[in-house]
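To be precise, the following lines are work-v9.cif, and they hold mmCIF, C-alpha atoms (C1' of nucleotides).
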```cif
data_run
#
loop_
_atom_site.label_atom_id
_atom_site.label_comp_id
_atom_site.auth_asym_id
_atom_site.auth_seq_id
_atom_site.Cartn_x
_atom_site.Cartn_y
_atom_site.Cartn_z
CA MET T 228 57.64 22.58 -97.65
CA THR T 229 54.07 22.36 -96.44
CA LYS T 230 51.35 22.60 -99.06
CA LEU T 231 48.89 25.42 -98.35
CA LYS T 232 45.48 24.15 -97.26
CA ARG T 233 41.95 25.15 -98.17
CA GLY T 234 41.70 27.61 -95.31
CA PHE T 235 44.45 29.78 -96.74
CA TYR T 236 42.45 30.44 -99.88
CA THR T 237 38.94 30.88 -98.47
CA ARG T 238 39.63 34.43 -97.35
CA ASP T 239 39.46 37.90 -98.85
CA ALA T 240 41.42 38.26 -102.11
CA VAL T 241 43.41 41.26 -100.87
CA THR T 242 44.57 39.35 -97.79
CA VAL T 243 45.49 36.29 -99.82
CA ALA T 244 47.30 38.43 -102.40
CA GLN T 245 49.52 39.93 -99.69
CA GLU T 246 50.22 36.62 -98.01
CA LEU T 247 51.07 34.84 -101.26
CA LEU T 248 54.24 36.92 -101.57
CA GLY T 249 57.25 34.73 -100.83
CA LYS T 250 55.31 31.46 -101.19
CA PHE T 251 56.42 28.78 -103.66
CA ILE T 252 54.45 27.74 -106.71
CA VAL T 253 55.07 24.09 -107.47
CA ARG T 254 54.24 22.69 -110.89
CA LYS T 255 54.71 19.05 -111.79
CA THR T 256 54.91 18.32 -115.49
CA ASN T 257 56.54 15.61 -117.58
CA GLY T 258 58.31 14.16 -114.57
CA HIS T 259 59.79 17.50 -113.58
CA THR T 260 59.05 19.55 -110.48
CA LEU T 261 59.25 23.24 -111.29
CA THR T 262 59.36 25.75 -108.45
CA ALA T 263 59.16 29.53 -108.31
CA MET T 264 58.81 32.04 -105.49
CA ILE T 265 55.96 34.52 -105.88
CA THR T 266 57.16 38.12 -106.04
CA GLU T 267 54.17 40.03 -107.39
CA THR T 268 50.38 39.65 -107.10
CA GLU T 269 47.16 41.55 -107.76
CA ALA T 270 43.72 41.11 -106.16
CA TYR T 271 40.43 41.11 -108.08
CA LYS T 272 36.97 41.15 -106.51
CA ALA T 273 33.32 41.32 -107.58
CA CYS T 274 32.96 44.93 -106.41
CA ASP T 275 35.76 45.98 -108.76
CA LYS T 276 35.28 46.98 -112.40
CA ALA T 277 38.61 45.52 -113.44
CA CYS T 278 37.50 42.05 -112.34
CA HIS T 279 36.32 39.54 -114.92
CA ALA T 280 33.43 38.76 -112.55
CA TYR T 281 32.52 42.37 -111.82
CA ASN T 282 29.12 42.74 -110.22
CA TYR T 283 28.83 38.94 -109.95
CA ASN T 284 28.47 38.70 -113.71
CA ARG T 285 29.00 35.05 -114.53
CA THR T 286 30.27 33.86 -117.92
CA LYS T 287 31.68 30.65 -119.29
CA ARG T 288 35.21 31.99 -118.94
CA ASN T 289 35.06 33.25 -115.35
CA ALA T 290 32.95 30.41 -113.90
CA VAL T 291 35.72 29.02 -111.69
CA MET T 292 36.07 32.39 -109.96
CA PHE T 293 32.77 31.60 -108.24
CA ASN T 294 34.17 28.41 -106.73
CA GLU T 295 35.30 28.15 -103.15
CA GLY T 296 38.88 29.43 -102.86
CA GLY T 297 41.62 26.95 -103.69
CA SER T 298 41.51 26.30 -107.41
CA ALA T 299 43.37 27.78 -110.37
CA TYR T 300 41.78 30.22 -112.80
CA VAL T 301 43.74 30.29 -116.05
CA TYR T 302 42.65 32.42 -118.98
CA LEU T 303 44.06 33.52 -122.31
CA ILE T 304 44.88 37.17 -122.84
CA TYR T 305 45.66 39.08 -126.02
CA GLY T 306 45.05 35.93 -127.97
CA MET T 307 48.38 34.38 -127.05
CA TYR T 308 49.32 34.47 -123.38
CA ASN T 309 48.06 32.54 -120.38
CA CYS T 310 47.57 34.15 -116.98
CA LEU T 311 47.51 32.19 -113.73
CA ASN T 312 45.16 33.23 -110.94
CA VAL T 313 44.36 31.73 -107.55
CA VAL T 314 40.65 31.63 -106.74
CA THR T 315 39.86 33.05 -103.30
CA ASP T 316 37.06 33.57 -100.78
CA ARG T 317 33.92 31.51 -100.19
CA GLU T 318 31.78 29.86 -102.83
CA GLY T 319 29.61 32.37 -104.67
CA GLU T 320 31.97 35.26 -103.92
CA PRO T 321 33.92 35.57 -107.20
CA SER T 322 37.44 36.77 -106.58
CA ALA T 323 40.99 35.82 -107.43
CA VAL T 324 44.64 36.76 -107.16
CA LEU T 325 46.61 37.21 -110.37
CA ILE T 326 50.16 35.92 -110.07
CA ARG T 327 52.15 38.59 -111.90
CA GLY T 328 55.68 37.53 -111.17
CA ALA T 329 57.89 34.89 -109.60
CA GLU T 330 61.53 33.99 -109.21
CA PRO T 331 62.68 30.57 -110.47
CA CYS T 332 64.05 28.39 -107.68
CA GLY T 333 63.79 24.75 -108.70
CA ASP T 334 64.58 22.96 -111.97
CA GLU T 335 65.55 26.22 -113.68
CA GLU T 336 67.01 24.14 -116.45
CA TYR T 337 63.67 22.70 -117.56
CA MET T 338 61.96 26.09 -117.23
CA SER T 339 64.70 27.68 -119.30
CA PHE T 340 64.01 25.29 -122.15
CA MET T 341 60.27 25.96 -121.90
CA ARG T 342 60.88 29.68 -122.12
CA TYR T 343 63.90 30.18 -124.39
CA ASN T 344 64.60 26.67 -125.69
CA LYS T 345 68.10 26.73 -124.28
CA GLY T 346 69.92 25.97 -121.03
CA PHE T 347 69.77 28.29 -118.04
CA SER T 348 73.52 28.86 -118.08
CA GLU T 349 73.32 30.08 -121.68
CA LEU T 350 70.86 32.87 -120.92
CA SER T 351 71.92 36.49 -121.13
CA SER T 352 71.51 38.65 -118.05
CA TYR T 353 68.63 40.34 -119.87
CA GLN T 354 66.90 37.01 -120.36
CA LYS T 355 67.42 36.01 -116.74
CA LYS T 356 66.00 39.31 -115.57
CA ASN T 357 62.92 38.81 -117.75
CA PHE T 358 62.60 35.10 -117.05
CA SER T 359 59.27 35.06 -115.20
CA ASN T 360 58.59 38.67 -114.15
CA GLY T 361 55.19 38.87 -115.86
CA PRO T 362 52.02 36.76 -115.85
CA GLY T 363 52.44 35.45 -119.40
CA LYS T 364 56.16 34.76 -118.98
CA LEU T 365 55.51 32.92 -115.75
CA CYS T 366 53.00 30.61 -117.42
CA ILE T 367 55.41 29.78 -120.25
CA ALA T 368 58.21 28.93 -117.80
CA LEU T 369 55.95 26.79 -115.59
CA ASP T 370 54.16 25.09 -118.50
CA ILE T 371 50.76 26.42 -117.44
CA ASP T 372 47.90 26.84 -119.89
CA ARG T 373 44.12 26.73 -119.90
CA SER T 374 44.03 22.96 -119.52
CA LEU T 375 44.76 23.75 -115.85
CA ASN T 376 41.75 26.04 -115.51
CA GLY T 377 39.72 24.86 -112.50
CA GLU T 378 42.56 22.61 -111.28
CA SER T 379 42.55 22.14 -107.50
CA LEU T 380 45.53 23.66 -105.73
CA MET T 381 45.22 20.91 -103.14
CA GLY T 382 46.15 18.39 -105.84
CA ASP T 383 49.53 17.24 -107.14
CA ARG T 384 49.92 18.90 -110.56
CA LEU T 385 49.88 22.49 -109.38
CA TYR T 386 49.99 23.78 -105.82
CA ILE T 387 51.55 26.38 -103.52
CA THR T 388 53.64 25.78 -100.42
CA GLU T 389 54.85 27.76 -97.45
CA GLY T 390 57.78 29.91 -98.44
CA ARG T 391 60.11 32.63 -97.37
CA GLU T 392 59.30 34.87 -94.41
CA ILE T 393 58.36 38.28 -95.80
CA LYS T 394 59.30 41.28 -93.69
CA SER T 395 57.69 43.94 -95.84
CA PHE T 396 56.24 44.47 -99.29
CA LYS T 397 55.30 47.31 -101.59
CA THR T 398 51.87 48.39 -102.76
CA GLY T 399 50.71 50.00 -105.97
CA LYS T 400 48.00 50.42 -108.58
CA ARG T 401 47.24 47.43 -110.75
CA ILE T 402 48.63 47.17 -114.26
CA GLY T 403 46.74 47.35 -117.55
CA ILE T 404 43.28 48.21 -116.27
CA ASP T 405 42.94 51.87 -117.21
CA TYR T 406 39.42 51.18 -118.46
CA ALA T 407 38.25 50.36 -114.92
CA GLU T 408 37.37 53.95 -113.94
CA GLU T 409 37.32 54.46 -110.15
CA ALA T 410 38.63 50.93 -109.50
CA LYS T 411 41.87 51.64 -111.36
CA ASP T 412 43.27 53.56 -108.42
CA LEU T 413 42.82 50.79 -105.85
CA LEU T 414 46.13 49.79 -104.33
CA TRP T 415 45.64 46.09 -104.89
CA ARG T 416 49.00 45.28 -106.42
CA PHE T 417 51.60 43.84 -104.06
CA TYR T 418 55.25 43.14 -104.75
CA LEU T 419 58.59 42.58 -103.09
"C1'" DC D 47 26.68 36.60 -136.61
"C1'" DT D 48 29.66 40.83 -136.36
"C1'" DG D 49 32.91 43.62 -134.34
"C1'" DC D 50 35.62 45.35 -130.71
"C1'" DC D 51 39.12 44.80 -127.36
"C1'" DG D 52 41.86 42.85 -123.54
"C1'" DA D 53 44.57 41.47 -115.87
"C1'" DT D 54 50.75 41.03 -122.33
"C1'" DT D 55 55.14 40.28 -124.55
"C1'" DT D 56 58.57 41.00 -127.74
"C1'" DA D 57 60.82 42.69 -131.67
"C1'" DC D 58 61.83 46.50 -134.57
"C1'" DT Y 136 56.37 52.23 -130.49
"C1'" DA Y 137 53.73 48.84 -132.68
"C1'" DA Y 138 52.63 44.34 -134.16
"C1'" DA Y 139 51.22 39.76 -133.02
"C1'" DT Y 140 46.87 37.16 -132.69
"C1'" DC Y 141 42.28 35.05 -130.98
"C1'" DG Y 142 38.71 34.01 -127.57
"C1'" DG Y 143 35.23 36.29 -124.85
"C1'" DC Y 144 31.49 39.04 -124.81
"C1'" DA Y 145 27.87 42.48 -126.02
"C1'" DG Y 146 24.65 43.83 -129.11
"C1'" DA Y 147 21.81 43.10 -133.08
#
```
What do you get writing this file as structure tokens?
Amino acid sequence: MTKLKRGFYTRDAVTVAQELLGKFIVRKTNGHTLTAMITETEAYKACDKACHAYNYNRTKRNAVMFNEGGSAYVYLIYGMYNCLNVVTDREGEPSAVLIRGAEPCGDEEYMSFMRYNKGFSELSSYQKKNFSNGPGKLCIALDIDRSLNGESLMGDRLYITEGREIKSFKTGKRIGIDYAEEAKDLLWRFYL
DNA sequence: CTGCCGATTTAC
DNA sequence: TAAATCGGCAGA
């Protein structure tokens, strides 16, 4: 599968969020190549109160969001979970796409041990259903943490490739941002 | 330095 | 339904 190039990422976050559906995340770690198909995304932009870089406010944490599109933004939430984002748009325009969910489709066995410390075939149907259907779960399965913050997606450790052809997708309000006032009703969540 | 709270998950 | 658990950030 072809690795996505810079030009894919240097566009508006909402566009990138929609087009990321069906693409494959590839993560190389400890000699393993883990793969998962993206099934759910959310867009975040500077004009949006739910965004870490709202109003172009720059902090130590969100610094990579100001980069040119094409790197990873990984942050810790609730003190214990990592969330993977894809930085989008041009340099100086802080925006990103949160990867909220993905379906395992390559080296499930290794991912299963990362997540549940047991083989994929031993998982209950409940565990399979909840394998990587949330941002924190996804990062556990793919062995992603803040050491990958700022990592180039054009590199070899973490990147995204062309994927499945998507005929249609659903749209909704973003999750967990009730504090964001008027921005909370934006339909910037996309899923299959 | 203090204190609040979050782009969540899981277990009770 | 609530606990777990800690870094980021604002305000003093």
Can I get the residues of chain T within 7 Å of chain D, each with the closest pair of atoms and their distance in Å to one decimal, using all atoms listed in the file, sorted chain first then ascending number, as a Markdown table?
```
| residue | atom | partner | partner_atom | distance |
| --- | --- | --- | --- | --- |
| T:Ile304 | CA | D:DG52 | C1' | 6.5 |
| T:Tyr305 | CA | D:DG52 | C1' | 5.9 |
| T:Tyr308 | CA | D:DT54 | C1' | 6.8 |
| T:Gly363 | CA | D:DT54 | C1' | 6.5 |
| T:Gly403 | CA | D:DA53 | C1' | 6.5 |
| T:Ile404 | CA | D:DA53 | C1' | 6.9 |
```
Could you tell me which residues the PyMOL selection byres ((chain Y and resi 140) around 7) returns for this structure, as an mmCIF file with C-alpha atoms (C1' of nucleotides), in the frame of the given file?
```cif
data_model
loop_
_atom_site.group_PDB
_atom_site.id
_atom_site.type_symbol
_atom_site.label_atom_id
_atom_site.label_comp_id
_atom_site.auth_asym_id
_atom_site.auth_seq_id
_atom_site.Cartn_x
_atom_site.Cartn_y
_atom_site.Cartn_z
ATOM 1 C CA GLY T 306 45.050 35.930 -127.970
ATOM 2 C CA MET T 307 48.380 34.380 -127.050
ATOM 3 C "C1'" DA Y 139 51.220 39.760 -133.020
ATOM 4 C "C1'" DC Y 141 42.280 35.050 -130.980
#
```
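Pairwise distance (atom CA of T:Ser351, atom CA of T:Glu392) equals 29.6 Å.
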Counting only C-alpha atoms (C1' of nucleotides), which residue out of T:Ala273, T:Leu303, T:Leu414, T:Ala290 sits closest to chain Y?
T:Leu303
With a distance cut-off of 9 Å and all atoms listed in the file, select the neighbouring residues of Y:DG143, excluding the residue or stretch itself and same-chain residues fewer than 6 positions from it, and output the selection as an MDAnalysis selection string.
chainID T and resid 286:288
For T:Ile265: contacts at 6 Å, only C-alpha atoms (C1' of nucleotides), fewer than 6 positions along chain excluded, given as a short mmCIF file (atom, residue, chain, number, x, y, z; two decimals) with C-alpha atoms, keeping the file's coordinate frame:
```cif
data_model
loop_
_atom_site.label_atom_id
_atom_site.label_comp_id
_atom_site.auth_asym_id
_atom_site.auth_seq_id
_atom_site.Cartn_x
_atom_site.Cartn_y
_atom_site.Cartn_z
CA LEU T 248 54.24 36.92 -101.57
CA GLY T 249 57.25 34.73 -100.83
CA LYS T 250 55.31 31.46 -101.19
CA ALA T 329 57.89 34.89 -109.60
#
```
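Note that atom CA of T:Ile326 and atom CA of T:Pro362 are 6.1 Å apart.
Among the candidate residues T:Ala277, T:Ser322, T:Cys366, T:Arg373, the one lying nearest to chain Y is T:Arg373, with distances computed using only C-alpha atoms (C1' of nucleotides).
Of the listed residues (T:Arg327, T:Glu267, T:Val241, T:Asn284), T:Asn284 comes nearest to chain Y; the distances count all atoms listed in the file.
Distance-wise, atom CA of T:Leu380 and atom CA of T:Ala299 end up 6.6 Å apart.
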T:Arg233 surroundings by all atoms listed in the file, 10 Å radius, close-in-sequence under 2 positions cut, as a PyMOL selection string
chain T and resi 230-231+235-238+295-298+315+379-381
Might you pull out every residue within 8 Å of T:Asp372, with all atoms listed in the file counted and same-chain residues fewer than 6 positions away left off, and present them as an MDAnalysis selection string?
chainID T and resid 301:302 309:310 366
I'd like the residues picked by the PyMOL selection byres ((chain T and resi 251) around 10) written out as a ChimeraX atom specification, using the chain letters and numbers from the file.
/T:228-231,247-250,252-254,261-266,329-333,386-391
T:Ala323: which residues within 7 Å, counting only C-alpha atoms (C1' of nucleotides), same-chain residues fewer than 5 positions away excluded, as a PyMOL selection string?
chain T and resi 240+270-272+292+312-315
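Minimum atom-to-atom distance to chain Y, evaluated using all atoms listed in the file, belongs to T:Asn289 out of T:Tyr300, T:Asn289, T:Val243, T:Gly377.
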Could you complete stretch 258-272 of chain T so that it carries N, CA and C atoms, and give it back as a tab-separated table (two decimals), in the frame of the given file?
```
chain	number	residue	atom	x	y	z
T	258	GLY	N	57.30	14.72	-115.47
T	258	GLY	CA	58.31	14.16	-114.57
T	258	GLY	C	59.22	15.18	-113.92
T	259	HIS	N	58.97	16.45	-114.18
T	259	HIS	CA	59.79	17.50	-113.58
T	259	HIS	C	58.99	18.23	-112.51
T	260	THR	N	59.69	18.74	-111.52
T	260	THR	CA	59.05	19.55	-110.48
T	260	THR	C	59.62	20.95	-110.57
T	261	LEU	N	58.81	21.86	-111.11
T	261	LEU	CA	59.25	23.24	-111.29
T	261	LEU	C	58.80	24.06	-110.09
T	262	THR	N	59.67	24.95	-109.63
T	262	THR	CA	59.36	25.75	-108.45
T	262	THR	C	59.72	27.20	-108.68
T	263	ALA	N	58.88	28.10	-108.19
T	263	ALA	CA	59.16	29.53	-108.31
T	263	ALA	C	58.56	30.27	-107.12
T	264	MET	N	59.30	31.25	-106.62
T	264	MET	CA	58.81	32.04	-105.49
T	264	MET	C	58.03	33.25	-105.97
T	265	ILE	N	56.84	33.42	-105.46
T	265	ILE	CA	55.96	34.52	-105.88
T	265	ILE	C	56.52	35.87	-105.42
T	266	THR	N	56.62	36.80	-106.37
T	266	THR	CA	57.16	38.12	-106.04
T	266	THR	C	56.18	39.26	-106.32
T	267	GLU	N	55.10	38.96	-107.03
T	267	GLU	CA	54.17	40.03	-107.39
T	267	GLU	C	52.77	39.47	-107.59
T	268	THR	N	51.77	40.11	-106.99
T	268	THR	CA	50.38	39.65	-107.10
T	268	THR	C	49.43	40.84	-107.26
T	269	GLU	N	48.21	40.54	-107.71
T	269	GLU	CA	47.16	41.55	-107.76
T	269	GLU	C	45.85	40.90	-107.35
T	270	ALA	N	45.01	41.64	-106.62
T	270	ALA	CA	43.72	41.11	-106.16
T	270	ALA	C	42.59	41.62	-107.05
T	271	TYR	N	41.61	40.75	-107.30
T	271	TYR	CA	40.43	41.11	-108.08
T	271	TYR	C	39.18	40.61	-107.37
T	272	LYS	N	38.20	41.49	-107.23
T	272	LYS	CA	36.97	41.15	-106.51
T	272	LYS	C	35.73	41.60	-107.28
```
